[in-house]
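What's in structure_8.cif: mmCIF, C-alpha atoms and all ligand atoms
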data_my_file
loop_
_atom_site.label_atom_id
_atom_site.label_comp_id
_atom_site.auth_asym_id
_atom_site.auth_seq_id
_atom_site.Cartn_x
_atom_site.Cartn_y
_atom_site.Cartn_z
CA MET A 1 73.74 41.75 -41.09
CA SER A 2 76.74 40.58 -39.06
CA SER A 3 78.86 43.08 -37.15
CA PRO A 4 82.19 43.99 -38.75
CA LEU A 5 83.84 42.75 -35.52
CA ALA A 6 82.13 39.35 -35.60
CA PRO A 7 84.69 36.57 -36.14
CA ALA A 8 84.57 34.78 -39.50
CA PRO A 9 82.95 31.35 -39.29
CA LEU A 10 85.30 28.38 -38.95
CA VAL A 11 83.36 26.24 -41.44
CA VAL A 12 81.05 27.30 -44.23
CA LEU A 13 79.30 24.84 -46.52
CA ASP A 14 77.48 26.75 -49.21
CA GLY A 15 75.33 24.68 -51.55
CA VAL A 16 77.55 21.63 -51.11
CA SER A 17 76.59 18.49 -53.02
CA ARG A 18 78.31 15.11 -53.10
CA SER A 19 77.38 12.41 -55.58
CA PHE A 20 78.63 8.88 -56.01
CA PRO A 21 78.39 6.57 -59.01
CA PRO A 22 75.46 4.12 -58.73
CA PRO A 23 76.26 0.75 -57.12
CA ALA A 24 77.79 -1.68 -59.62
CA ASP A 25 74.79 -4.05 -59.49
CA GLN A 26 72.44 -1.27 -60.57
CA ARG A 27 74.47 0.22 -63.40
CA SER A 28 73.13 -1.90 -66.21
CA THR A 29 69.57 -2.47 -65.01
CA ARG A 30 68.65 0.96 -63.72
CA SER A 31 69.55 4.57 -64.17
CA ARG A 32 73.20 5.35 -64.70
CA ASP A 33 72.71 8.63 -62.90
CA SER A 34 74.95 9.10 -59.92
CA VAL A 35 73.42 9.09 -56.45
CA GLU A 36 73.36 12.50 -54.80
CA VAL A 37 73.99 11.84 -51.10
CA LEU A 38 74.41 15.51 -50.15
CA SER A 39 72.22 17.92 -52.02
CA ARG A 40 72.99 21.65 -51.79
CA VAL A 41 73.81 21.52 -48.10
CA ASP A 42 74.35 24.79 -46.25
CA LEU A 43 76.06 24.82 -42.85
CA VAL A 44 77.91 27.45 -40.86
CA VAL A 45 79.99 26.53 -37.80
CA HIS A 46 81.50 29.24 -35.61
CA GLU A 47 84.40 28.92 -33.18
CA GLY A 48 83.07 27.54 -29.91
CA ASP A 49 80.00 25.88 -31.44
CA TYR A 50 78.95 22.37 -30.44
CA THR A 51 76.80 20.95 -33.23
CA ALA A 52 75.25 17.51 -33.63
CA VAL A 53 74.32 16.18 -37.06
CA LEU A 54 71.50 13.66 -36.77
CA GLY A 55 70.21 11.34 -39.45
CA ARG A 56 69.21 7.79 -40.18
CA SER A 57 71.62 5.15 -41.39
CA GLY A 58 72.56 5.98 -44.97
CA ALA A 59 71.43 9.61 -44.69
CA GLY A 60 74.92 10.82 -45.58
CA LYS A 61 76.31 11.77 -42.15
CA SER A 62 79.73 10.19 -42.70
CA THR A 63 79.85 11.70 -46.17
CA LEU A 64 79.23 15.12 -44.63
CA LEU A 65 81.91 14.54 -42.00
CA SER A 66 84.39 13.48 -44.69
CA VAL A 67 83.77 16.70 -46.61
CA VAL A 68 83.97 18.93 -43.52
CA GLY A 69 87.07 17.02 -42.36
CA LEU A 70 88.87 17.49 -45.71
CA LEU A 71 88.93 13.74 -46.32
CA ASP A 72 86.70 14.15 -49.37
CA ARG A 73 85.81 16.93 -51.80
CA PRO A 74 82.31 18.07 -52.64
CA THR A 75 81.11 17.40 -56.17
CA SER A 76 79.91 21.00 -56.26
CA GLY A 77 79.44 23.93 -53.91
CA ARG A 78 81.72 26.05 -51.76
CA HIS A 79 83.52 24.78 -48.67
CA VAL A 80 85.41 27.32 -46.61
CA PHE A 81 87.51 26.16 -43.67
CA SER A 82 89.47 28.57 -41.53
CA GLY A 83 89.01 31.32 -44.10
CA LEU A 84 90.27 29.33 -47.09
CA ASP A 85 88.22 27.92 -49.97
CA MET A 86 88.90 24.22 -49.60
CA ALA A 87 86.78 22.83 -52.43
CA LEU A 88 89.36 24.10 -54.93
CA ALA A 89 92.51 23.99 -52.79
CA PRO A 90 95.34 21.66 -53.86
CA ASP A 91 95.68 18.35 -52.02
CA GLY A 92 98.81 19.50 -50.17
CA VAL A 93 97.02 22.49 -48.68
CA ARG A 94 94.06 20.36 -47.65
CA VAL A 95 96.28 17.70 -46.03
CA ALA A 96 98.25 20.34 -44.10
CA ARG A 97 95.09 22.08 -42.87
CA ARG A 98 93.63 18.76 -41.79
CA ALA A 99 96.79 17.73 -39.92
CA GLU A 100 97.14 21.07 -38.17
CA GLN A 101 93.58 22.07 -37.44
CA ILE A 102 91.23 19.07 -37.29
CA GLY A 103 91.04 16.27 -34.73
CA PHE A 104 89.01 13.13 -35.44
CA VAL A 105 87.23 10.66 -33.18
CA PHE A 106 85.68 7.57 -34.73
CA GLN A 107 83.33 4.90 -33.45
CA ALA A 108 86.04 2.22 -33.72
CA PHE A 109 88.70 4.19 -31.75
CA HIS A 110 91.51 3.44 -34.25
CA LEU A 111 94.24 3.20 -31.63
CA VAL A 112 97.56 1.54 -32.53
CA ALA A 113 97.64 -1.70 -30.54
CA GLY A 114 101.44 -1.88 -30.30
CA LEU A 115 101.86 1.63 -28.90
CA SER A 116 101.20 2.68 -25.31
CA VAL A 117 98.37 5.06 -24.47
CA LEU A 118 100.89 7.92 -24.16
CA GLU A 119 102.53 7.04 -27.49
CA ASN A 120 99.14 6.82 -29.20
CA VAL A 121 98.18 10.27 -27.99
CA ALA A 122 101.61 11.65 -28.90
CA LEU A 123 100.88 10.73 -32.53
CA ALA A 124 98.85 13.95 -32.58
CA GLY A 125 100.88 16.61 -34.31
CA LEU A 126 103.23 14.08 -35.95
CA TYR A 127 102.08 14.95 -39.46
CA SER A 128 102.32 18.66 -38.88
CA GLY A 129 105.94 18.22 -37.83
CA ARG A 130 105.84 18.94 -34.10
CA PRO A 131 108.96 17.79 -32.25
CA ARG A 132 108.55 14.63 -30.18
CA SER A 133 109.24 16.40 -26.88
CA ARG A 134 106.39 18.83 -27.58
CA ARG A 135 104.07 16.01 -28.65
CA LEU A 136 104.77 14.07 -25.47
CA ALA A 137 104.14 17.13 -23.31
CA ASP A 138 100.87 17.83 -25.15
CA ALA A 139 99.88 14.16 -24.85
CA ARG A 140 100.40 14.14 -21.06
CA LEU A 141 98.23 17.22 -20.73
CA ALA A 142 95.49 15.75 -22.94
CA LEU A 143 95.53 12.50 -20.95
CA GLU A 144 95.06 14.53 -17.80
CA THR A 145 92.09 16.30 -19.38
CA VAL A 146 90.36 13.01 -20.22
CA GLY A 147 91.24 11.36 -16.88
CA MET A 148 93.60 8.78 -18.37
CA SER A 149 96.99 9.78 -16.93
CA HIS A 150 97.06 6.71 -14.68
CA ARG A 151 96.83 4.47 -17.77
CA GLN A 152 99.46 6.20 -19.90
CA ASP A 153 101.76 3.16 -20.03
CA ALA A 154 98.99 0.65 -20.80
CA PHE A 155 98.42 -0.77 -24.28
CA PRO A 156 95.05 -0.38 -26.03
CA PRO A 157 94.09 -4.09 -26.00
CA THR A 158 94.12 -3.98 -22.18
CA LEU A 159 91.74 -0.99 -21.96
CA SER A 160 87.97 -0.93 -21.58
CA GLY A 161 85.88 0.54 -24.40
CA GLY A 162 85.35 3.76 -22.46
CA GLU A 163 89.08 4.06 -21.74
CA ARG A 164 89.89 3.46 -25.41
CA GLN A 165 87.56 6.20 -26.51
CA ARG A 166 88.87 8.63 -23.89
CA THR A 167 92.37 7.89 -25.22
CA ALA A 168 91.16 8.52 -28.78
CA VAL A 169 89.62 11.82 -27.66
CA ALA A 170 92.90 12.79 -26.00
CA ARG A 171 94.73 12.05 -29.26
CA ALA A 172 92.20 14.09 -31.23
CA VAL A 173 92.59 17.19 -29.06
CA ALA A 174 96.25 16.95 -27.96
CA ALA A 175 97.60 19.17 -30.72
CA GLY A 176 94.94 21.82 -30.08
CA PRO A 177 92.82 21.48 -33.23
CA ARG A 178 90.43 24.28 -34.14
CA LEU A 179 87.77 21.66 -34.92
CA LEU A 180 86.98 18.33 -33.27
CA LEU A 181 85.03 16.03 -35.58
CA ALA A 182 83.43 12.91 -34.12
CA ASP A 183 81.69 10.15 -36.07
CA GLU A 184 79.37 8.10 -33.82
CA PRO A 185 81.83 8.44 -30.89
CA THR A 186 79.63 6.41 -28.55
CA GLY A 187 78.58 3.75 -31.06
CA ASN A 188 80.71 1.03 -29.44
CA LEU A 189 80.06 2.05 -25.83
CA ASP A 190 77.48 1.11 -23.22
CA ARG A 191 75.31 3.89 -21.85
CA GLU A 192 77.52 4.62 -18.85
CA ASN A 193 80.70 4.97 -20.91
CA ALA A 194 78.80 6.87 -23.58
CA ASP A 195 77.66 9.34 -20.92
CA GLY A 196 81.27 9.71 -19.76
CA VAL A 197 82.48 10.54 -23.28
CA MET A 198 79.62 13.00 -23.81
CA ARG A 199 80.41 14.71 -20.49
CA LEU A 200 83.99 14.99 -21.71
CA PHE A 201 82.82 16.61 -24.95
CA ALA A 202 80.71 19.08 -22.96
CA ASP A 203 83.73 19.96 -20.79
CA LEU A 204 85.96 20.40 -23.85
CA ASN A 205 83.35 22.65 -25.46
CA ALA A 206 82.99 24.66 -22.24
CA ALA A 207 86.76 25.22 -22.45
CA GLY A 208 86.34 26.58 -25.99
CA GLN A 209 86.71 23.53 -28.23
CA THR A 210 84.59 23.68 -31.39
CA ILE A 211 82.88 20.31 -31.90
CA LEU A 212 80.88 18.72 -34.69
CA VAL A 213 79.52 15.29 -33.82
CA ILE A 214 77.55 13.02 -36.08
CA THR A 215 75.20 10.52 -34.54
CA HIS A 216 71.95 8.67 -35.00
CA ASP A 217 71.45 8.72 -31.21
CA ASP A 218 69.09 11.41 -29.88
CA ALA A 219 70.62 11.12 -26.39
CA VAL A 220 74.06 11.99 -27.79
CA ALA A 221 72.67 14.83 -29.89
CA ALA A 222 70.82 16.20 -26.85
CA ARG A 223 74.19 17.05 -25.28
CA ALA A 224 75.13 19.40 -28.12
CA ARG A 225 74.14 23.06 -28.16
CA ARG A 226 72.70 22.81 -31.67
CA ARG A 227 71.14 19.99 -33.64
CA VAL A 228 70.77 19.68 -37.40
CA ARG A 229 69.29 16.74 -39.29
CA LEU A 230 70.28 15.25 -42.63
CA GLU A 231 67.30 13.97 -44.54
CA GLY A 232 66.91 13.40 -48.26
CA GLY A 233 70.36 14.89 -48.79
CA ARG A 234 69.35 18.22 -47.23
CA LEU A 235 70.26 19.66 -43.84
CA HIS A 236 67.51 21.00 -41.58
CA GLU A 237 67.75 22.85 -38.30
CA GLU A 238 66.16 20.66 -35.57
CA ASP A 239 65.32 23.38 -33.09
CA ALA A 240 66.12 26.96 -32.35
N1 LIG B 1 82.63 6.12 -51.61
C1 LIG B 1 81.35 5.87 -51.86
N2 LIG B 1 80.97 5.35 -53.05
C2 LIG B 1 79.68 5.11 -53.33
N3 LIG B 1 78.66 5.34 -52.47
C3 LIG B 1 78.97 5.83 -51.27
C4 LIG B 1 80.32 6.12 -50.89
N4 LIG B 1 80.32 6.62 -49.63
C5 LIG B 1 79.03 6.63 -49.23
N5 LIG B 1 78.23 6.17 -50.21
C6 LIG B 1 76.77 6.04 -50.14
O1 LIG B 1 76.25 7.24 -49.61
C7 LIG B 1 75.13 6.97 -48.77
C8 LIG B 1 75.34 7.64 -47.42
O2 LIG B 1 76.41 6.99 -46.74
P1 LIG B 1 76.98 7.54 -45.36
O3 LIG B 1 77.99 6.54 -44.88
O4 LIG B 1 77.43 8.93 -45.52
O5 LIG B 1 75.67 7.50 -44.45
P2 LIG B 1 75.52 7.59 -42.86
O6 LIG B 1 74.38 8.50 -42.59
O7 LIG B 1 76.84 7.94 -42.25
O8 LIG B 1 75.13 6.11 -42.50
P3 LIG B 1 75.43 5.24 -41.15
O9 LIG B 1 74.72 5.92 -40.03
O10 LIG B 1 74.85 3.89 -41.49
O11 LIG B 1 76.93 5.20 -40.99
C9 LIG B 1 74.99 5.47 -48.69
O12 LIG B 1 73.98 5.07 -49.57
C10 LIG B 1 76.34 4.98 -49.17
O13 LIG B 1 76.23 3.72 -49.79
#

Using structure tokens, write down the structure from this file.
Ligand SMILES: Nc1ncnc2c1ncn2[C@@H]1O[C@H](COP(=O)(O)OP(=O)(O)OP(=O)(O)O)[C@@H](O)[C@H]1O
Amino acid sequence: MSSPLAPAPLVVLDGVSRSFPPPADQRSTRSRDSVEVLSRVDLVVHEGDYTAVLGRSGAGKSTLLSVVGLLDRPTSGRHVFSGLDMALAPDGVRVARRAEQIGFVFQAFHLVAGLSVLENVALAGLYSGRPRSRRLADARLALETVGMSHRQDAFPPTLSGGERQRTAVARAVAAGPRLLLADEPTGNLDRENADGVMRLFADLNAAGQTILVITHDDAVAARARRRVRLEGGRLHEEDA
């Protein structure tokens, strides 16, 4: 039994399932049953955790990240984020929570080519209404954290892959999210740059950042404090 003083978990997935309609080319010839990609998944993430979700291509990792990141709703099950039941919350509440409390890093960086590095990072907090002066100050600090201050006036097309991803990480953490969600963050990087980004994640976590990273790469997962694996729609603990 947990202590009454123990902090509430940041994320709780309780019996979460997510189904999709069958692919169009299979609807007439095969079963019309929907495909259950996540099947009664349970997951608890506490503040300060650093968790890697492993799984083969098609295992449902991005689907899981979309649910945890409030980009998608489960078909059934309970999803609590930051103390609020999100599976049933109205869209407006979900969008606000996502903007204020979750930072995303994707494999493809998703930087805006026509904005400088500083301006890209200062986009963090825009949707939760932070004033520009505050966003710029936060962006400068985040760029310092990821070692990109010297490139703040550069434009994304002139950056290396590693620099682009460090910029994307700065943008994800600049507004101080409670949760950093990363989807294959090293997928477009060579080993050296991948190592750099994973060192950065370890440093952020050591400073208190809660991180959930999804990856098919054991070397990336090895850097996390906890590993879980998605297989057959279910989530299994990899090791103690
Ligand atoms: N919006 C959707 N509509 C229908 N099927 C979907 C949808 N999103 C995902 N799927 C299906 O769910 C399954 C899991 O996809 P998902 O992208 O979550 O896997 P993944 O583990 O992230 O794969 P990868 O490592 O290749 O990115 C796939 O079979 C995919 O086709």

So which residues are near ligand LIG 1 (chain B), meaning at most 7 Å away with all atoms listed in the file counted, given back as a compact mmCIF listing (two decimals) with C-alpha atoms, in the coordinates of the input?
# COMPACT_ATOMS: atom_id res chain seq x y z
CA PHE A 20 78.63 8.88 -56.01
CA PRO A 21 78.39 6.57 -59.01
CA PRO A 22 75.46 4.12 -58.73
CA PRO A 23 76.26 0.75 -57.12
CA VAL A 37 73.99 11.84 -51.10
CA GLY A 55 70.21 11.34 -39.45
CA ARG A 56 69.21 7.79 -40.18
CA SER A 57 71.62 5.15 -41.39
CA GLY A 58 72.56 5.98 -44.97
CA ALA A 59 71.43 9.61 -44.69
CA GLY A 60 74.92 10.82 -45.58
CA LYS A 61 76.31 11.77 -42.15
CA SER A 62 79.73 10.19 -42.70
CA THR A 63 79.85 11.70 -46.17
CA LEU A 64 79.23 15.12 -44.63
CA HIS A 216 71.95 8.67 -35.00

(message) Calculated over all atoms listed in the file, which of the candidates A:Leu235, A:Ala172, A:Met198, A:Leu118 has the smallest distance to A:Ser17?
(response)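 Using all atoms listed in the file, A:Ser17 sits closest to A:Leu235.
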
(request) Go through A:Ala52, A:Ala108, A:Val12, A:Ala24 one by one, measure the shortest atom-to-atom distance of each to A:His236 using only C-alpha atoms, and give the residue with the smallest value. (result)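 Among A:Ala52, A:Ala108, A:Val12, A:Ala24, it is A:Ala52 that comes nearest to A:His236.
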
(request) For each of A:Thr51, A:Ser34, A:Ser149, A:Ser128, take the minimum atom-to-atom distance to A:Gly92, counting only C-alpha atoms, then give the residue where this is smallest. (result)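 When distances to A:Gly92 are compared using only C-alpha atoms, the smallest one comes from A:Ser128.
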
(message) Taking all atoms listed in the file into account, name the residue in A:Ala175, A:Leu115, A:Ala87, A:Val105 that is nearest to A:Ala139.
(response) A:Ala175

(message) As an exercise, work out the distance from atom CA of A:Pro7 to atom CA of A:Leu54 in Å and give it to one decimal place.
(response)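 Taking atom CA of A:Pro7 as the start and atom CA of A:Leu54 as the end point, the length is 26.4 Å.
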
(message) Could you check the closest approach to A:Gln209 for each of A:Pro74, A:Gly129, A:Gly176, A:Gly161 and tell me which residue wins, using all atoms listed in the file?
(response)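 Ranked by minimum distance to A:Gln209, first place goes to A:Gly176.
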
(message) Counting all atoms listed in the file, which residue out of A:Val45, A:Leu65, A:Val11, A:Ala99 sits closest to A:Leu181?
(response) A:Leu65

(request) Could you check how far atom CA of A:Tyr127 sits from atom CA of A:Arg94, in Å to one decimal? (result)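 Answer for the atom CA of A:Tyr127 to atom CA of A:Arg94 separation: 12.7 Å.
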
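The space separating atom CA of A:Asp217 from atom CA of A:Ala202 comes to 16.2 Å.
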
(request) Name all residues at most 8 Å from A:Ala168 (count only C-alpha atoms; drop same-chain ones fewer than 2 positions away) and give them as a list in words. (result) Val105, Phe109, His110, Leu111, Val121, Arg164, Gln165, Arg166, Ala170, Arg171 and Ala172 of chain A

(request) Dig up all the protein and nucleic acid residues within 12 Å of (70.2, 10.3, -32.5) in the file frame, using all atoms listed in the file, and format them as a ChimeraX atom specification. (result) /A:52-57,61,184-187,213-224,227-230,238

Please provide as a tab-separated table (two decimals) with C-alpha atoms, in the frame of the given file all residues within 12 Å of A:Asp91, with the sequence filter that same-chain residues fewer than 3 positions apart are discarded (counting all atoms listed in the file).
chain	number	residue	atom	x	y	z
A	70	LEU	CA	88.87	17.49	-45.71
A	71	LEU	CA	88.93	13.74	-46.32
A	72	ASP	CA	86.70	14.15	-49.37
A	73	ARG	CA	85.81	16.93	-51.80
A	86	MET	CA	88.90	24.22	-49.60
A	87	ALA	CA	86.78	22.83	-52.43
A	88	LEU	CA	89.36	24.10	-54.93
A	94	ARG	CA	94.06	20.36	-47.65
A	95	VAL	CA	96.28	17.70	-46.03
A	96	ALA	CA	98.25	20.34	-44.10
A	97	ARG	CA	95.09	22.08	-42.87
A	98	ARG	CA	93.63	18.76	-41.79
